[in-house]
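Enquirer: Quick one: the structure is below, and I'll ask about it shortly.
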Amino acid sequence: MATSIAAGSGKLHFKERLCRGQGCRQTSLISGLAFQRFVHKELSWSCEVSKFLEVQRSNLPCSPIYVNSNPLRAVTASCLRDGTTKYFDFAVIGSGVAGLRYALEVSKHGTVAVITKAEPHESNTNYAQGGVSAVLCPSDSVENHMRDTIVAGAYLCDEETVRVVCTEGPDRIRELIAMGASFDHGEDGNLHLAREGGHSHRRIVHAADMTGREIERALLEAVVNDPNIFMFEHHFAIDLLTYQDGSHTVCHGVDTLNTETQEVVRFISKVTLLASGGAGHIYPKTTNPPVATGDGTAMAHRAQAVISNMEFVQFHPTALADEGLPITPSKTRENAFLITEAVRGDGGILYNLGMERFMPLYDERGELAPRDVVARSIDDQLKKRNDKYVLLDISHKPKEKILSHFPNIAAECLQYGLDITCQPIPVVPAAHYMCGGVRAGLQGETNVRGLYVAGEVACTGLHGANRLASNSLLEALVFARRAVQPSIDHLGSSKINCAVANWWDRPVVPDLLGRDAVGKIVRRTREVRKELQSIMWNYVGIVRSTMRLKTAEQRIGELELSWEAYLFQQGWEPNMVGLEACEMRNLFCCANLVVSSALARHESRGLHYTIDFPNVEESKRLPTIIFPCSAVNGRWSSCQLQKQHLER
């Protein structure tokens, strides 16, 4: 794996200098990894990624594949008898808005497996409060939405991607409404459009402060009624099933762990969509649900997919600060409770504990500044005053308006003795969204054939260095829809049969280790998880420095090695799988990607702020790209568990 800032033109359509050895000063490596040689070529983010991201892997086994030409459906009936191997036309990893919306479209052309880590509704989508941004007001325009997106993204956004998303967004909203999603309407009967930080116009379609939940409800209802879609709950995705076809990596499904039966279940598919969400749990304070452990990004990285912009971790400025509530919650939350951007959009004001309004001191837009600005401003106030939280006050607005717009927030706070209609809300920043991820083209395609991505796991170029509020659900809807046609095309050209399931060795569960050894491993893994999260929060947070990033790199490396050594001392084998251990390897992988990317960017832009390079540099207005490489560091987190048979 090699990490580099793409060099060349500062325009959105850019040249890229691909580095080798130590010849590129704007390049950082994860410890122990080597550079791969690449060719110099022109590229645009929005051109066909599967073409321009073809990476030479001369050291990997490369043999052509010859398979039976029978279509998948014809072999399905005879192959489904084995309960641990399942065959589908499409495998969708993740049950958020991106995965479900895609599944509903491709199900018209074949069988679909939706693989979800927990309950189907347990996704980042379900926790999205604010809404979906789209140009639906006559006084607004696509150009306005584009401008707001690019400004919020610190001019690192891909202009063509931004135009596509902002143009197609309104139709995606109308489709949701046609499917039964219910959004708030104003007294005039039209959709009520809210405004959030960074937006110049009212364009946020919402369902009170529970928009994601409503969208998830409508999509799940449609999925349940679709006879071609099969939902597999409590199936944790372990690794993608890939092989080398000449210089190309090809994906044919995924291995999973049924966490209820502790069985490894192999899904063979012609097309795979990765829509597994983000990696918020590399930090101790996050608004993400417990399932957000970076599984998709880590799996894709191990499968030789190109990763981009991982340094841009968005910290939501306003998560509920439990220590400031009149009644302290009896249990520590697994994920922080989000206070939506829409509270500030509706006139909420931020104060420090001295009741001094501080946002105008940092930005002329005040509370309506983009999230990166607001999060850094709050962080600065907390450090200067040695406080644990700040206050967000909406109580000056009419009580009826507050309760109608934010019923979920009002109810959550009230159970801990806080009435938001007359008291300010204690808030603190928390990890919220990964702007980086698996690099994707305009149709969700990756450099791995047969693998598409949508949602937070994808890096499409829309968000640049900082995501504009309520653009995430929009991006998921647009790219889930755009990935459909190329997936159908790939379906028609991909021919596999039952024998494909035997191309890879199967991971195994640690039954032979015994309860005591497994219990020790689980307990140690939970301790290591907290240690990793602490390192990331203290050294790779809202404000960074080169010294602290290098310290994080070293400490994470040492922690990872010591954890793996402990596992193997207890009898763990490299092909063994367990939920806690596999999540941990993914967290390590994503943490390393974030640190490596942050070290490679020698400027401060958007969500990446470093005191050693405090200014924006026009020459560095380019994405960070992590290329796959045949040389690996041998760590468990960086290697696929399945061994591919060289003879098939």
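Starting from 1 in every chain, residues are counted up; chains themselves are A, B, ... following the order of the structure tokens, and ligands are numbered from 1 as listed.
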As a ChimeraX atom specification, which residues of segment 349-561 of chain A does DSSP assign to strand (DSSP E or B)?

Expert: /A:349-351,357,390-393,425-434,437-439,445,449,451-453,458-459,504,508,544

Enquirer: Given the selection you just returned, output its residues as a file containing N, CA and C atoms, formatted as a short mmCIF file (atom, residue, chain, number, x, y, z; two decimals), in the first residue's frame.

Expert:
data_model
loop_
_atom_site.label_atom_id
_atom_site.label_comp_id
_atom_site.auth_asym_id
_atom_site.auth_seq_id
_atom_site.Cartn_x
_atom_site.Cartn_y
_atom_site.Cartn_z
N ILE A 349 -28.29 29.14 19.04
CA ILE A 349 -27.09 29.94 19.29
C ILE A 349 -26.16 29.17 20.23
N LEU A 350 -24.87 29.21 19.91
CA LEU A 350 -23.86 28.54 20.73
C LEU A 350 -23.24 29.50 21.73
N TYR A 351 -23.19 29.07 22.99
CA TYR A 351 -22.57 29.84 24.07
C TYR A 351 -21.54 28.97 24.78
N ARG A 357 -21.61 34.28 23.61
CA ARG A 357 -21.74 33.76 22.25
C ARG A 357 -20.38 33.88 21.56
N VAL A 390 -20.09 22.91 25.59
CA VAL A 390 -20.65 24.25 25.39
C VAL A 390 -22.16 24.10 25.37
N LEU A 391 -22.86 25.20 25.17
CA LEU A 391 -24.32 25.19 25.22
C LEU A 391 -24.92 25.63 23.89
N LEU A 392 -25.95 24.92 23.46
CA LEU A 392 -26.69 25.27 22.25
C LEU A 392 -28.11 25.64 22.66
N ASP A 393 -28.48 26.88 22.41
CA ASP A 393 -29.75 27.39 22.93
C ASP A 393 -30.73 27.69 21.79
N ILE A 425 -28.96 23.34 25.56
CA ILE A 425 -28.56 21.95 25.45
C ILE A 425 -27.04 21.84 25.55
N PRO A 426 -26.51 21.01 26.45
CA PRO A 426 -25.05 20.82 26.52
C PRO A 426 -24.59 19.98 25.33
N VAL A 427 -23.61 20.48 24.59
CA VAL A 427 -23.14 19.77 23.40
C VAL A 427 -21.62 19.73 23.34
N VAL A 428 -21.12 18.75 22.59
CA VAL A 428 -19.68 18.56 22.42
C VAL A 428 -19.46 17.89 21.07
N PRO A 429 -18.35 18.14 20.38
CA PRO A 429 -18.11 17.46 19.10
C PRO A 429 -17.91 15.96 19.28
N ALA A 430 -18.29 15.20 18.24
CA ALA A 430 -18.11 13.75 18.23
C ALA A 430 -17.88 13.30 16.79
N ALA A 431 -17.09 12.25 16.62
CA ALA A 431 -16.84 11.70 15.29
C ALA A 431 -18.18 11.33 14.65
N HIS A 432 -18.33 11.71 13.38
CA HIS A 432 -19.66 11.61 12.78
C HIS A 432 -19.68 10.98 11.40
N TYR A 433 -18.71 11.34 10.54
CA TYR A 433 -18.82 10.93 9.14
C TYR A 433 -17.43 10.85 8.50
N MET A 434 -17.21 9.81 7.70
CA MET A 434 -15.96 9.66 6.96
C MET A 434 -16.16 10.22 5.55
N GLY A 437 -12.98 7.17 1.71
CA GLY A 437 -13.45 5.80 1.61
C GLY A 437 -12.94 5.15 0.35
N VAL A 438 -13.72 4.22 -0.17
CA VAL A 438 -13.34 3.50 -1.39
C VAL A 438 -13.58 4.40 -2.59
N ARG A 439 -12.54 4.64 -3.34
CA ARG A 439 -12.63 5.58 -4.45
C ARG A 439 -13.56 5.04 -5.54
N GLU A 445 -18.52 2.69 -9.61
CA GLU A 445 -17.58 1.62 -9.93
C GLU A 445 -16.26 1.83 -9.22
N ARG A 449 -13.19 -5.20 -10.38
CA ARG A 449 -14.30 -5.54 -11.26
C ARG A 449 -15.40 -6.29 -10.49
N LEU A 451 -17.25 -4.96 -8.27
CA LEU A 451 -17.46 -4.33 -6.96
C LEU A 451 -17.85 -2.88 -7.15
N TYR A 452 -19.02 -2.51 -6.60
CA TYR A 452 -19.51 -1.14 -6.64
C TYR A 452 -19.68 -0.65 -5.21
N VAL A 453 -19.67 0.66 -5.04
CA VAL A 453 -19.80 1.23 -3.70
C VAL A 453 -20.78 2.39 -3.71
N ALA A 458 -18.12 4.96 0.37
CA ALA A 458 -17.57 5.41 -0.91
C ALA A 458 -16.96 6.80 -0.80
N CYS A 459 -15.94 7.04 -1.60
CA CYS A 459 -15.40 8.39 -1.76
C CYS A 459 -15.61 8.77 -3.22
N TRP A 504 -11.68 -20.61 -2.83
CA TRP A 504 -11.00 -20.05 -1.66
C TRP A 504 -11.19 -20.97 -0.46
N VAL A 508 -12.65 -20.16 9.60
CA VAL A 508 -13.24 -21.07 10.59
C VAL A 508 -13.48 -20.32 11.89
N ARG A 544 -4.58 18.70 14.73
CA ARG A 544 -3.50 17.72 14.65
C ARG A 544 -2.14 18.40 14.53
#

Enquirer: Residues at most 9 Å from Ile238 of chain A, counting only C-alpha atoms, excluding those fewer than 2 positions away in the same chain, as a list in words?

Expert: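 Counting only the stated atoms, we get Phe236, Leu240, Val254, Asp255, Thr256, Leu257, Asp295, Met299, Pro507, Val577, Leu579, Cys582, Glu583, Gln640 and Leu641 of chain A.
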
Enquirer: Atom CA of Ile204 of chain A and atom CA of Ser133 of chain A, how far apart in Å?

Expert: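 Straight-line distance from atom CA of Ser133 of chain A to atom CA of Ile204 of chain A works out to 4.4 Å.
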
Enquirer: Closest to Leu241 of chain A among A:Thr446, A:Thr149, A:Asn502, A:Ser276, using only C-alpha atoms?

Expert: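 Looking at the shortest contact to Leu241 of chain A, the residue is A:Asn502.
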
Enquirer: Quick one: residues within 6 Å of segment 87-96 of chain A, only C-alpha atoms, excluding same-chain residues fewer than 4 positions away - as number ranges by chain?

Expert: A: 76, 100, 110-116, 120, 123, 125, 267-276

Enquirer: May I ask which of the residues A:Leu474, A:Met355, A:Ile556, A:Met310 is the closest one to Arg601 of chain A, counting only C-alpha atoms?

Expert: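 The answer is A:Met310, which sits nearest to Arg601 of chain A.
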
Enquirer: One number please: atom CA of His463 of chain A to atom CA of Cys435 of chain A, in Å, one decimal.

Expert: 6.2 Å

Enquirer: Grab the atom CA of Glu364 of chain A to atom CA of His199 of chain A distance for me, in Å with one decimal place.

Expert: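 Atom CA of His199 of chain A lies 14.1 Å from atom CA of Glu364 of chain A.
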
Enquirer: For Ala342 of chain A, find every residue with an atom within 8 Å (counting only C-alpha atoms), except residues of its own chain fewer than 6 positions away, and show them as a ChimeraX atom specification.

Expert: /A:130,194-197

Enquirer: Against segment 513-535 of chain A, which residues of segment 241-330 of chain A fall within 10 Å? For each one I want the closest pair of atoms and the distance in Å (one decimal), counting only C-alpha atoms, rows by chain and increasing residue number, as CSV.

Expert:
residue,atom,partner,partner_atom,distance
A:Gly280,CA,A:Gln533,CA,9.9
A:His281,CA,A:Gln533,CA,7.4
A:Ile282,CA,A:Gln533,CA,5.3
A:Tyr283,CA,A:Gln533,CA,4.5
A:Pro284,CA,A:Gln533,CA,5.1
A:Lys285,CA,A:Gln533,CA,8.6

Enquirer: Can you write out the residues you just picked, keeping C-alpha atoms, as a short mmCIF file (atom, residue, chain, number, x, y, z; two decimals), in the first residue's frame?

Expert:
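Written out: selection-v6.cif:
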data_model
loop_
_atom_site.label_atom_id
_atom_site.label_comp_id
_atom_site.auth_asym_id
_atom_site.auth_seq_id
_atom_site.Cartn_x
_atom_site.Cartn_y
_atom_site.Cartn_z
CA GLY A 280 -16.94 6.25 13.54
CA HIS A 281 -15.91 3.75 16.22
CA ILE A 282 -12.22 4.30 15.63
CA TYR A 283 -12.99 7.13 18.08
CA PRO A 284 -14.47 6.81 21.59
CA LYS A 285 -17.04 9.56 21.02
#

Enquirer: Point out the residue among A:Ile215, A:Trp537, A:Val135, A:Glu618 with the least atom-to-atom distance to Asp171 of chain A, counting only C-alpha atoms.

Expert: A:Val135

Enquirer: For Asp322 of chain A, work out the shell of residues within 12 Å, counting only C-alpha atoms and skipping chain neighbours fewer than 4 positions away, then give it as a list in words.

Expert: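 With the cut-off at 12 Å, the set is Lys285, Thr318, Pro326, Ile327, Thr328, Pro329, Ser330, Lys331, Thr332, Arg333, Asn335, Ala336, Phe337, Leu338, Lys388, Tyr389, Val390, Glu412, Cys413, Gln415, Tyr416, Gly417, Leu418, Ile425, Pro426, Val427 and Val428 of chain A.
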